[in-house]
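Asker: To start, I am sharing the structure in question, which I have written as structure tokens.
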Amino acid sequence: RPAPCVRSPSVVLGTVPHMTNVARRIWDVVEPIAANIYFAPEVHAAYHEIGFDPSTRSAGKVHYPEMVAYFTSRGACLGPEVDGHLVASSFGVFKRSVVIGAVDEGWRRSDQATVLAARERGGVASLRRLLGDEPEGLRWATQVLQRMVDAAPGEGRALFSGLLSLGYPDDPMGAFWRAADLVREHRGDSHIAAWIAADLDACEIGVLTDPWRGQPLKSWVRTRGWTDDELDAACDRLRSRGLLAGDELTDAGRALREGIDDATDRMEARLVAALGSDAQRLFDLLDPWCDRIVADGGYPARVTWPA
């Protein structure tokens, strides 16, 4: 989910690290690496070369994705000319009609193989520019991430499984990027399962997330295609459940929203176990890489978890 965030605090790891902290730190250090693909000029240029529009919005060094290319390219792992309904279901938080229209237009412009090739080509080129051709520790980090992927259950996880079907690029940076993307999308798939289990819909989870993150109500969620009327209706539904009072989370709302990420953490337990004693070494290696990516405009900002 390419949303603006702020830097997270470090997590102190003991002999037996707290699973929730480690699960969230894993996401913290793979997110800027995997999701750089949505902000990289090299990726935007690769899509433009095959018929998509270029990026038209930037903030500082960060170039935001053109949405037809975004929905089509991220969903391309799900299959040849995959239907927009399936892409919307897999992404979870976007307004379905927006996704369907974008994906339909995307497949009028290109095909799955061409889109996936452009995605990989641009993503690898961007990470090489930001991190170097093969920074020290790259192959070790790839092996650790792949070990986590091998331990990860794929049941009910559409984007993770779609990426898994593509295999790993032969290029060392490409293999590293794919492994990070797999770990990232596994948590994303788990997160969707968690908020579905809490009986929230796609608009409601976005509305709850804004104040949980300390952002104004109905701010970030607008980037997911919802109209004012739809956002207002979602707020009304949440108020009727006692989760919002005015524009603020109630205690019940905050507990429910935090519980969703707690449940997501539990669904990542097998990846945490596979990481094992390599956790701190991996975080120490990837943290400065993530900082460099953010500093050079490859991702909006690092993330923090609400207290």
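FYI, nothing fancy with the structure tokens labels: chains A, B, ... in order, residues from 1 per chain, ligands from 1 as they appear.
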So that I can check the surroundings of stretch 287-296 of chain A, please list as a list in words every protein, DNA and RNA residue that reaches within 10 Å of it, counting only C-alpha atoms and ignoring chain neighbours fewer than 2 positions away.
Answerer: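 These residues fall inside the cut-off: Arg7, Ser10, Arg25, Asp28, Val29, Val30, Glu31, Pro32, Ile33, Asn36, Ala40, Gly60, Lys61, Val62, Ser126, Leu127, Arg129, Leu130, Leu131, Pro135, Leu282, Phe283, Asp284, Leu285, Gly298, Tyr299, Pro300, Ala301 and Arg302 of chain A.
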Asker: Using only C-alpha atoms, find the one residue out of A:Arg266, A:His44, A:His63, A:Arg74 that sits nearest to A:Asp181.
Answerer: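 Among the listed residues, A:Arg74 lies closest to A:Asp181.
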Asker: Measuring atom to atom with only C-alpha atoms, identify which of A:Leu275, A:Trp212, A:Ala88, A:Ala233 is nearest to A:Ala255.
Answerer: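 Result for the nearest residue to A:Ala255: A:Trp212.
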Asker: Can you work out which one of A:Glu42, A:Arg96, A:Val68, A:Ala179 has the shortest atom-to-atom distance to A:Ala202, counting only C-alpha atoms?
Answerer: A:Arg96
Asker: From the list A:Val98, A:Pro169, A:Ala151, A:Val207, which residue is nearest A:Asp228 when using only C-alpha atoms?
Answerer: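 Of A:Val98, A:Pro169, A:Ala151, A:Val207, the one nearest A:Asp228 is A:Val207, counting only C-alpha atoms.
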